[in-house]
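A short worksheet on the structure shown next.
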Amino acid sequence: MTNVAIVGAAQTPYRRRRDDASLAELVHEVTVAALADAGLEMGDIDNIVTVSNDFWDGRTISSMAVMDASGSSYAGGKNVSTVEGDGTFGLFYGAMRILSGVYRTTLVVAHSKGSEGDPMMITNSMFDYIYTRPLGLEFISSCALQARRYMDKYGLTEADFALVSVKNRRNALRNPYAQLAGELTVEEVLASPVLADPLKRHDLSPISDGAAAVILADSPVALRLGRKPVWLKGGAFCSEDHFLGDRDLAEAPALREASRRAFEMAGVTDPFREIDVVELYDACSYMELLWLEEMGFCPRGEGGTLIRSGETAPEGSLPVNPSGGVLSAHAVLVAGLARVIEVVLQLRGEAGPRQLGPKPVELGLAHGINGPCGQSHCVLVLGA
Amino acid sequence: MPEEEAVIYRGRIRMPYTWAVGETGSFFLTQLRDHARIWGTRCPQCRRTMVPPRRNCPRCLAKTHWLQLEPRGSLVTYTVVHYRHRIHPPQEPLIYGVIKLEGADTGLTHLLGEVDPADLRPGLLLEAVFKEPEQRRGHILDILYFRPREVTGS
Amino acid sequence: MAQRVAIIGFGQTRHRSRRDDVNGVELIQEAVRAALEDADLTLDQIDAMIIGNMDHFEGVNYVDTWSVDGTGAYMKPLLKLTTGGTTGTTLGIAGYHFVASGLFDTVLVVGWEKNSESDTTGAIITCSDPIFDRFSFSGALPGLAVEASAYMKAYGITQEDAARVTVRDRRHGANNPYAHLRTPVTVEEVMNSPMLSWPVKLLDICPRTDGAAAVIFAGERKARRLAPQPAWVIATSVRHDYAYFHDIDYTRMHTIEGAAKELYQYVGIKEPLKELDVIELYQPYSFAGLKWIEALGLCPPGESPRLLWDGVTDMGGELPINPSGGVICTNCIGATGLLRIGEAALQVMGRAEGRQVPNVNLALATGFGGAFWSDMMLLGRRPW
C-alpha cells in the first residue's frame, strides 16, 4: 500500500487549558496550518474526516461544532464523515476514502479539550452499564488492573515503568508542543503519589487540550506538490474483548494482529531493525513496554529489559516516543494523530530539537488505541 | 484594546437513562437478589463458560445455556484506589479485582473487602459476600465484595 | 478504485417502541445474526466491522469497543462513526469505502439505537451550540417546524398536503413486517392529532424506536458469487455543513440540492423522476416529504403536493417513495439511515417481498441529520 501520502500536518501546542479558543477555533487553527504546510488551499481538499467524541465534548453530534471550521461548507460543501475514536483510526479511514478511488485529498482533523469535562465520569462511561460501570471503574483504576497483571505475569517492576516516564518526560523537553516535560528520576516517579497502585502520578498522562490535522493525498497529487511526501506503507486496526475479565490484560492480541498486518502490508519482516522511530500511545508508563512487546519489538515479557537497555532512548537503535509521547501530552483522540505527525516530522527531518539522527529516519510507526486498557489498536507504518 | 477576558460557560448534561438489562441479564441479577447465586453462561460449541452472562456466544453467536457457579474463585489482578469521585461506591479501602470464579473461563471485575491491602496477591482464594437479602435489588452490587476465603483441610 | 462494491446482505430487528427483553449489545447482535443469515455467511467470513449510533441516547462512550460481544468483532478491525441522524448513511458510505479500497472484501456495518432508554429530546438539545444556539433552537422539532412554516408561506402549502405524506408512508408501512408503526392513518387523523410545534403535529413526525440494522458490503467477485442479484453501489454524496441552526436558509434544502447535484452529474441523471425507480427518503416528518423531493429535483419548488395527491410517489406510482414506510413508521436513529440503504438494496435485489416495487434498476437512499445535513447512496442492478 503506497498510494496514499501525508502531504500536510499541523498540531496545536498541548496545554492543560485552552480557554482562549473554542473547539472550532482549535480546529480552524490546525486546518489552516495543515493546508499551509501542504501548500494547498481549501479548494484543493475534496473530502474531510473529522474526529470527535460526544462525551468528551459534552455535546450530541459533537462534529457539528467543527463543520464550518474544518471547511465542510466551503464552496458548495464537501463530502464529510466523522470518526469517533482515536485520530489514527480517523486517518486510516481517510486513507481508505482515497484508496477507494472516490477522493484524492482528505483532510483529517481531530480535537479534544480534556479540561472542559469530567474525565472520571467520561471514562467510567466506556464500561458496560450493567456489570462494570456501577463499580466506579474508570481510566486510571482499569489501567492499574492491567499494569498489576502485566507485572505479575512477567516479573516487571514499578521501576521499569518509571524508566518510561523518565525517558518520555525528558524527551518532551525538546518538544515545544508537549505539555509536561522535565528531568525526573526513577526515585521521583516511584515517590510520586499513588493513585491506584501500582500507578502513581508520574506514571500517568496529563489531561490536555489540543487539536491536530493531517492532509492525505493520492500519489499523483502528492508527487505534484513540492514537499517530500510521507507514504502510508501499511496500516491495520483490530479489537479484542470488552469485559476486562474476558481478557488476559498482560497481553494485547489485537495489537499483535494489527502490527502483523501492518508490517506485512509494508513489507517489514524485522521490525526492530527496520523501523527507525516509534510513536506509540503511552497513556500510562507501562503501556509503552506492553505495546512494544506486542508490536514484536522484543519478546513477550521483555519490555523491562528493553527499556533498561537504553535502546528506546532518542540515541538508541529504536527511539520510542522522542516527542515525549502521550505521557507528556494527552489530548484524547488527538493523541494518535499527534503520534502520526511526530513520525511525519521525523521522516521529513523537520522535528527540530527532537530530530533523530544522524542516521536518516526512513521508516516509522505510529499507534493509537480505543476503549479500556487498549481494547482496540491502530498501527500505521509510514515511510519517506 | 482592553485585556482579553476568557468567559467560561458552565453546563451539565443531565440525562436520565433506563437501561434494559435484557432477559438473560435479568435472570442473572434476580438470582443474585433472590438466592445469592451466581450463574454463568456456557457456549455449547466453544465450551467457554462466561460471566457476566451472554445470551449468545460472542465468538460463534450460538445460544448459550446457564451453568450455576460457586460464589468463590481466585484473584487475577487488583488495585487499591487512593482517590475518590462520586462514581465510586462507598467502600474503604476501595479495592478492585478481577476474580476468576471456579468453573468459569472468564473473570468477573468486582470489589474486594475484608482484606489488608498488604495481603493482596494473584491467586488469592476469594469468596463472594452478598448484601443482606432485604438490601438486594437485582444489581451487580448485590454482591458487596469478594473477601479472602479460609481454606481448611489438606 | 480497487474494486466495485455491492450490498449482499441486510438484516434488521423487528422495530418496537421498547425492547426490554434485550440490552443494547443483544439488540445489535440480533441484526448482525439476521444479516449474516441473509447473506449466508458466518462471522469468520467478515473482514471488518463498522458501527454507529448517537452516544447520548444510550449513554455509552466508545460504543464500538463496548459492543464487541454483539457485533462479533473480536479480533477484527472495528470502527465507530457518528454524525447524528445521518449516522446510518455515514456508516453505509464507510462500508463502501472499506471494500472499494481493496483492503477488505466483506464488511459488516451496524447501526442501532435504543431510544426508549433515554430522553430523546433531552439528548438532541445538546447538539446545539451551548453558547449561541442551545437556548433557542433546542431539540429536533424547532428546526423542522421553522422549515415547515417557511416552506408553507413561500409556496402556499397546506397542512393537508403534508398529511398526505404521512398517509402514504403509514399505508406503505403496513406492508413491512419490520416496521414499528404498521397501521394506516387518514388525512383527518393527521389533522386532528395534537399540535406539537406549529405546523407540525404528532402524526406528522417520526416515532422513537428501539431497533438495529446490519448491512453487508462485498467486493465484486465475492458479490457475484454470493448473491444472485447484488445491489451495486453506484455513487455516494454527502453535505454536512453549518455549525449553527441559526445559519440555515430554511426556505431551501440546499444540502440535498448539493448532494443530489453531485450524484446526478456523476451518473448522468437528468430527469430523476423518470430515471430513479424508488427512493428510500430519510424523512423525519411529513413536510420533508414535500420540500425535500423538490430539492431532489423531482419537480419545481412548490409543486410537490401535486405529485403526492396524484399518487405518483405511492406504491404503483411512477416513483414510489418509502415502500418500507420510511422514518415516519420507524426511527431507531443510528439505524435509520442504514435502514434506508438496506431497504433500497432489497428493492434492487428484488427481495422486498410485500413492499417490492417492480423492476427496480436504480434505488436512491438518503440520510438526514445534524444541522440539516444530507447523505445519499445510489444503488443499482448493474455495477457502475
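So you can find residues: chains in the C-alpha cells are A, B, ... in the order shown, residues in each start at 1, and ligands are numbered from 1 in order.
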TODO: Select residues of chain B: the criterion is any atom within 12 Å of an atom of chain C, counting only C-alpha atoms; output as JSON, numbers by chain.
DONE: {"B": [7, 8, 9, 10, 11, 12, 13, 14, 15, 16, 17, 18, 19, 20, 21, 22, 23, 24, 25, 26, 27, 50, 52, 53, 54, 55, 56, 57, 58, 59, 60, 61, 62, 63]}
So that each row is one residue of chain A with an atom at most 8 Å from chain C, can you give its shortest atom pair and the distance in Å to one decimal, using only C-alpha atoms, rows by chain and rising number, as a Markdown table?
```
| residue | atom | partner | partner_atom | distance |
| --- | --- | --- | --- | --- |
| A:Asp54 | CA | C:Asp55 | CA | 6.5 |
| A:Phe55 | CA | C:Asn61 | CA | 6.5 |
| A:Gly58 | CA | C:Thr126 | CA | 7.7 |
| A:Arg59 | CA | C:Thr126 | CA | 5.1 |
| A:Thr60 | CA | C:Cys127 | CA | 4.4 |
| A:Ile61 | CA | C:Gly84 | CA | 5.1 |
| A:Ser62 | CA | C:Cys127 | CA | 6.8 |
| A:Ser63 | CA | C:Thr83 | CA | 6.8 |
| A:Met64 | CA | C:Ala243 | CA | 5.2 |
| A:Ala65 | CA | C:Ala243 | CA | 5.3 |
| A:Val66 | CA | C:Ala243 | CA | 6.5 |
| A:Met67 | CA | C:Asp241 | CA | 5.6 |
| A:Asp68 | CA | C:Tyr242 | CA | 5.6 |
| A:Ser72 | CA | C:Asp241 | CA | 5.3 |
| A:Ser73 | CA | C:Asp241 | CA | 4.6 |
| A:Gly76 | CA | C:Gly258 | CA | 6.8 |
| A:Gly77 | CA | C:Arg239 | CA | 5.7 |
| A:Lys78 | CA | C:Arg239 | CA | 5.9 |
| A:Asn79 | CA | C:Val238 | CA | 4.6 |
| A:Val80 | CA | C:His240 | CA | 6.2 |
| A:Ser81 | CA | C:Thr90 | CA | 6.4 |
| A:Thr82 | CA | C:Leu81 | CA | 5.7 |
| A:Val83 | CA | C:Leu81 | CA | 4.5 |
| A:Glu84 | CA | C:Leu81 | CA | 5.4 |
| A:Gly85 | CA | C:Lys80 | CA | 6.7 |
| A:Phe89 | CA | C:Leu79 | CA | 7.2 |
| A:Tyr93 | CA | C:Phe98 | CA | 7.8 |
| A:Met96 | CA | C:Ser101 | CA | 5.4 |
| A:Arg97 | CA | C:His97 | CA | 5.6 |
| A:Ile98 | CA | C:Ser101 | CA | 7.5 |
| A:Leu99 | CA | C:Ser101 | CA | 4.5 |
| A:Ser100 | CA | C:Ser101 | CA | 3.9 |
| A:Gly101 | CA | C:Met1 | CA | 4.1 |
| A:Val102 | CA | C:Met1 | CA | 7.1 |
| A:Ile122 | CA | C:Asn61 | CA | 7.3 |
| A:Thr123 | CA | C:Asn61 | CA | 7.5 |
| A:Ser125 | CA | C:Asn61 | CA | 5.3 |
| A:Met126 | CA | C:Asn61 | CA | 4.5 |
| A:Phe127 | CA | C:Trp66 | CA | 6.7 |
| A:Asp128 | CA | C:Trp66 | CA | 6.4 |
| A:Tyr129 | CA | C:Val60 | CA | 7.9 |
| A:Ala236 | CA | C:Pro77 | CA | 7.3 |
| A:Phe237 | CA | C:Pro77 | CA | 4.9 |
| A:Cys238 | CA | C:Pro77 | CA | 4.0 |
| A:Ser239 | CA | C:Met75 | CA | 5.1 |
| A:Glu240 | CA | C:Tyr74 | CA | 4.6 |
| A:Asp241 | CA | C:Tyr74 | CA | 5.8 |
| A:His242 | CA | C:Trp66 | CA | 5.7 |
| A:Pro253 | CA | C:Met75 | CA | 7.7 |
| A:Ala254 | CA | C:Met75 | CA | 5.8 |
| A:Glu257 | CA | C:Met75 | CA | 7.6 |
| A:Asn370 | CA | C:Thr65 | CA | 7.3 |
| A:Gly371 | CA | C:Thr65 | CA | 5.6 |
| A:Gln375 | CA | C:Thr65 | CA | 6.8 |
| A:Ser376 | CA | C:Thr65 | CA | 7.1 |
```
Open item on the list: Quick one: residues within 12 Å of Leu308 of chain C, only C-alpha atoms, excluding same-chain residues fewer than 3 positions away - as an MDAnalysis selection string?
Closed with: chainID C and resid 160:169 286:287 289:291 293:294 298:299 302:305 311:315 317:321
Hey, what does DSSP flag as helix (DSSP H, G or I) within segment 64-203 of chain C? Can you give it to me as a compact mmCIF listing (two decimals) with N, CA and C atoms, in the first residue's frame?
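Output file part06.txt follows:
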```txt
# COMPACT_ATOMS: atom_id res chain seq x y z
N ASP C 64 -18.16 1.23 20.00
CA ASP C 64 -17.51 0.16 19.22
C ASP C 64 -16.88 -0.88 20.13
N THR C 65 -16.13 -0.42 21.13
CA THR C 65 -15.46 -1.39 21.99
C THR C 65 -16.44 -2.03 22.98
N TRP C 66 -17.42 -1.27 23.43
CA TRP C 66 -18.44 -1.79 24.36
C TRP C 66 -19.24 -2.93 23.73
N VAL C 68 -18.58 -5.21 21.35
CA VAL C 68 -17.89 -6.27 20.62
C VAL C 68 -18.59 -7.63 20.75
N ASP C 69 -19.15 -7.89 21.93
CA ASP C 69 -19.87 -9.17 22.09
C ASP C 69 -21.10 -9.24 21.19
N GLY C 70 -21.63 -8.10 20.82
CA GLY C 70 -22.81 -8.07 19.96
C GLY C 70 -22.46 -8.12 18.47
N THR C 71 -21.47 -7.35 18.08
CA THR C 71 -21.11 -7.34 16.66
C THR C 71 -20.32 -8.59 16.30
N THR C 87 -26.01 9.23 10.80
CA THR C 87 -25.10 8.16 11.18
C THR C 87 -25.25 6.92 10.30
N GLY C 88 -26.48 6.48 10.09
CA GLY C 88 -26.70 5.25 9.33
C GLY C 88 -26.16 5.32 7.91
N THR C 89 -26.36 6.45 7.24
CA THR C 89 -25.84 6.58 5.88
C THR C 89 -24.32 6.80 5.91
N THR C 90 -23.85 7.51 6.92
CA THR C 90 -22.40 7.66 7.11
C THR C 90 -21.75 6.29 7.22
N LEU C 91 -22.41 5.40 7.96
CA LEU C 91 -21.91 4.03 8.14
C LEU C 91 -21.88 3.28 6.81
N GLY C 92 -22.97 3.36 6.08
CA GLY C 92 -23.05 2.65 4.81
C GLY C 92 -21.99 3.15 3.83
N ILE C 93 -21.81 4.46 3.82
CA ILE C 93 -20.80 5.05 2.92
C ILE C 93 -19.40 4.55 3.32
N ALA C 94 -19.17 4.42 4.61
CA ALA C 94 -17.88 3.88 5.07
C ALA C 94 -17.72 2.43 4.63
N GLY C 95 -18.80 1.65 4.73
CA GLY C 95 -18.73 0.26 4.28
C GLY C 95 -18.31 0.18 2.82
N TYR C 96 -18.84 1.10 2.04
CA TYR C 96 -18.49 1.18 0.62
C TYR C 96 -17.00 1.47 0.44
N HIS C 97 -16.49 2.49 1.16
CA HIS C 97 -15.06 2.84 1.01
C HIS C 97 -14.15 1.71 1.50
N PHE C 98 -14.55 1.07 2.60
CA PHE C 98 -13.73 -0.03 3.14
C PHE C 98 -13.50 -1.08 2.06
N VAL C 99 -14.56 -1.46 1.38
CA VAL C 99 -14.45 -2.52 0.38
C VAL C 99 -13.80 -1.99 -0.90
N ALA C 100 -14.24 -0.80 -1.33
CA ALA C 100 -13.69 -0.24 -2.58
C ALA C 100 -12.19 -0.02 -2.48
N ASN C 115 -33.89 4.06 21.62
CA ASN C 115 -34.40 5.36 22.00
C ASN C 115 -35.24 5.33 23.27
N SER C 116 -35.72 4.13 23.62
CA SER C 116 -36.55 4.04 24.83
C SER C 116 -35.74 4.28 26.09
N GLU C 117 -34.43 4.23 25.99
CA GLU C 117 -33.62 4.22 27.21
C GLU C 117 -33.21 5.61 27.71
N THR C 120 -35.03 11.38 24.42
CA THR C 120 -34.51 11.68 23.07
C THR C 120 -34.35 13.18 22.86
N THR C 121 -35.36 13.93 23.22
CA THR C 121 -35.28 15.38 23.04
C THR C 121 -34.19 15.97 23.92
N GLY C 122 -34.12 15.49 25.15
CA GLY C 122 -33.08 15.97 26.07
C GLY C 122 -31.70 15.79 25.48
N ALA C 123 -31.50 14.65 24.81
CA ALA C 123 -30.19 14.39 24.20
C ALA C 123 -29.97 15.27 22.98
N ILE C 124 -31.00 15.40 22.15
CA ILE C 124 -30.82 16.16 20.91
C ILE C 124 -30.57 17.65 21.19
N ILE C 125 -31.17 18.13 22.26
CA ILE C 125 -30.96 19.55 22.63
C ILE C 125 -29.47 19.85 22.70
N LEU C 141 -37.47 19.30 16.97
CA LEU C 141 -38.68 19.93 16.43
C LEU C 141 -38.53 21.38 15.96
N PRO C 142 -37.87 22.25 16.72
CA PRO C 142 -37.90 23.67 16.32
C PRO C 142 -37.39 23.91 14.91
N GLY C 143 -36.27 23.30 14.56
CA GLY C 143 -35.73 23.50 13.21
C GLY C 143 -36.70 23.03 12.16
N LEU C 144 -37.31 21.87 12.40
CA LEU C 144 -38.25 21.32 11.43
C LEU C 144 -39.49 22.20 11.32
N ALA C 145 -39.98 22.67 12.45
CA ALA C 145 -41.20 23.49 12.43
C ALA C 145 -40.94 24.82 11.71
N VAL C 146 -39.78 25.39 11.94
CA VAL C 146 -39.42 26.63 11.26
C VAL C 146 -39.32 26.38 9.76
N GLU C 147 -38.70 25.26 9.40
CA GLU C 147 -38.59 24.93 7.99
C GLU C 147 -39.99 24.80 7.37
N ALA C 148 -40.87 24.07 8.07
CA ALA C 148 -42.20 23.81 7.53
C ALA C 148 -42.98 25.12 7.34
N SER C 149 -42.91 25.99 8.33
CA SER C 149 -43.71 27.20 8.22
C SER C 149 -43.15 28.11 7.13
N ALA C 150 -41.81 28.17 7.01
CA ALA C 150 -41.22 28.98 5.95
C ALA C 150 -41.62 28.44 4.58
N TYR C 151 -41.63 27.14 4.46
CA TYR C 151 -41.99 26.49 3.19
C TYR C 151 -43.46 26.72 2.85
N MET C 152 -44.33 26.59 3.85
CA MET C 152 -45.76 26.81 3.62
C MET C 152 -46.01 28.23 3.12
N LYS C 153 -45.35 29.18 3.77
CA LYS C 153 -45.56 30.58 3.44
C LYS C 153 -45.07 30.89 2.01
N ALA C 154 -43.92 30.30 1.68
CA ALA C 154 -43.33 30.60 0.37
C ALA C 154 -44.17 30.06 -0.78
N TYR C 155 -44.80 28.93 -0.59
CA TYR C 155 -45.45 28.26 -1.73
C TYR C 155 -46.93 27.98 -1.54
N GLN C 159 -51.34 22.26 5.48
CA GLN C 159 -51.06 21.15 6.39
C GLN C 159 -51.64 19.85 5.85
N GLU C 160 -52.74 19.96 5.09
CA GLU C 160 -53.33 18.77 4.48
C GLU C 160 -52.36 18.14 3.48
N ASP C 161 -51.64 18.99 2.75
CA ASP C 161 -50.66 18.46 1.79
C ASP C 161 -49.65 17.58 2.52
N ALA C 162 -49.17 18.09 3.65
CA ALA C 162 -48.19 17.33 4.42
C ALA C 162 -48.82 16.06 4.97
N ALA C 163 -50.06 16.17 5.41
CA ALA C 163 -50.75 14.99 5.97
C ALA C 163 -50.78 13.86 4.94
N ARG C 164 -50.90 14.24 3.69
CA ARG C 164 -50.95 13.22 2.63
C ARG C 164 -49.65 12.40 2.60
N VAL C 165 -48.54 13.00 2.98
CA VAL C 165 -47.26 12.29 3.03
C VAL C 165 -47.30 11.23 4.12
N THR C 166 -47.80 11.62 5.30
CA THR C 166 -47.92 10.65 6.39
C THR C 166 -48.84 9.51 5.98
N VAL C 167 -49.95 9.86 5.33
CA VAL C 167 -50.90 8.83 4.90
C VAL C 167 -50.20 7.81 3.99
N ARG C 168 -49.39 8.32 3.08
CA ARG C 168 -48.67 7.42 2.17
C ARG C 168 -47.72 6.48 2.94
N ASP C 169 -46.90 7.08 3.80
CA ASP C 169 -45.89 6.27 4.46
C ASP C 169 -46.50 5.27 5.44
N ARG C 170 -47.56 5.69 6.14
CA ARG C 170 -48.20 4.76 7.07
C ARG C 170 -48.87 3.63 6.32
N ARG C 171 -49.42 3.94 5.13
CA ARG C 171 -50.01 2.88 4.31
C ARG C 171 -48.92 1.91 3.84
N HIS C 172 -47.79 2.45 3.43
CA HIS C 172 -46.67 1.60 3.00
C HIS C 172 -46.14 0.76 4.16
N GLY C 173 -46.07 1.38 5.32
CA GLY C 173 -45.53 0.67 6.49
C GLY C 173 -46.31 -0.57 6.84
N VAL C 187 -55.98 11.43 6.38
CA VAL C 187 -55.64 12.86 6.44
C VAL C 187 -56.32 13.49 7.65
N GLU C 188 -57.58 13.11 7.91
CA GLU C 188 -58.31 13.69 9.05
C GLU C 188 -57.61 13.36 10.36
N GLU C 189 -57.17 12.11 10.46
CA GLU C 189 -56.50 11.72 11.71
C GLU C 189 -55.21 12.52 11.92
N VAL C 190 -54.47 12.74 10.84
CA VAL C 190 -53.25 13.54 10.96
C VAL C 190 -53.63 14.96 11.40
N MET C 191 -54.64 15.53 10.73
CA MET C 191 -55.04 16.92 11.02
C MET C 191 -55.53 17.07 12.46
N ASN C 192 -56.15 16.01 12.99
CA ASN C 192 -56.72 16.09 14.33
C ASN C 192 -55.73 15.68 15.42
N LEU C 202 -48.50 15.62 15.88
CA LEU C 202 -47.96 14.33 16.32
C LEU C 202 -47.80 13.35 15.15
N LEU C 203 -48.82 13.27 14.30
CA LEU C 203 -48.76 12.28 13.22
C LEU C 203 -47.96 12.78 12.01
```
Find the nearest atom pair between each residue of chain A and chain B for residues within 8 Å, count only C-alpha atoms, give distances in Å to one decimal, sort rows by chain and ascending number, and present the table as a tab-separated table.
```
residue	atom	partner	partner_atom	distance
A:Asp19	CA	B:Ala6	CA	6.1
A:Asp20	CA	B:Ala6	CA	6.2
A:Gly58	CA	B:Ile13	CA	7.1
A:Met120	CA	B:His85	CA	7.5
A:Met121	CA	B:Ile87	CA	6.9
A:Asn124	CA	B:Ile87	CA	7.8
A:Tyr129	CA	B:Trp19	CA	7.8
A:Ile130	CA	B:Val21	CA	6.8
A:Tyr131	CA	B:Ile140	CA	5.7
A:Thr132	CA	B:Thr109	CA	6.8
A:Pro134	CA	B:Leu141	CA	7.5
A:Leu135	CA	B:Pro89	CA	6.5
A:Gly136	CA	B:His88	CA	4.4
A:Leu137	CA	B:His88	CA	7.6
A:Ser141	CA	B:Val81	CA	6.7
A:Ala144	CA	B:Thr79	CA	6.0
A:Leu145	CA	B:Tyr78	CA	5.4
A:Gln146	CA	B:Thr77	CA	7.6
A:Arg148	CA	B:Thr77	CA	6.2
A:Arg149	CA	B:Thr77	CA	5.3
A:Asp152	CA	B:Pro122	CA	7.5
A:Val194	CA	B:His82	CA	6.7
A:Leu195	CA	B:His82	CA	5.0
A:Ala196	CA	B:Val81	CA	4.2
A:Asp197	CA	B:Thr79	CA	5.5
A:Pro198	CA	B:Thr79	CA	7.2
A:Leu244	CA	B:Thr109	CA	7.0
A:Gly245	CA	B:Gly107	CA	3.8
A:Asp246	CA	B:Thr106	CA	4.8
A:Arg247	CA	B:Thr106	CA	7.6
```
Emit the selected residues as a compact mmCIF listing (two decimals), in the first residue's frame, including C-alpha atoms.
```txt
# COMPACT_ATOMS: atom_id res chain seq x y z
CA ASP A 19 -9.60 28.95 27.45
CA ASP A 20 -8.55 31.35 24.71
CA GLY A 58 -20.34 17.25 26.24
CA MET A 120 -13.63 10.29 35.65
CA MET A 121 -17.27 10.24 34.54
CA ASN A 124 -16.38 5.42 33.55
CA TYR A 129 -23.63 -0.14 32.34
CA ILE A 130 -24.88 -3.37 33.91
CA TYR A 131 -21.89 -5.15 35.39
CA THR A 132 -18.86 -2.85 35.39
CA PRO A 134 -21.64 0.66 38.76
CA LEU A 135 -18.34 -0.41 40.33
CA GLY A 136 -16.94 3.03 39.54
CA LEU A 137 -14.13 1.73 37.39
CA SER A 141 -8.21 2.18 38.00
CA ALA A 144 -3.94 -0.16 37.24
CA LEU A 145 -5.53 -3.61 36.94
CA GLN A 146 -3.68 -4.06 33.65
CA ARG A 148 -0.56 -5.13 38.00
CA ARG A 149 -1.39 -8.15 35.86
CA ASP A 152 2.73 -10.31 37.94
CA VAL A 194 -0.02 6.60 44.43
CA LEU A 195 -3.32 6.94 42.58
CA ALA A 196 -4.26 3.32 42.00
CA ASP A 197 -1.36 1.03 42.74
CA PRO A 198 0.92 0.27 41.02
CA LEU A 244 -11.67 -6.94 31.38
CA GLY A 245 -12.24 -10.41 32.83
CA ASP A 246 -12.55 -11.87 29.33
CA ARG A 247 -9.02 -10.71 28.56
```
Open item on the list: Using DSSP secondary structure from the backbone, list all strand (DSSP E) positions within segment 98-131 of chain B, as a ChimeraX atom specification.
Closed with: /B:98-101,107-112,125-130
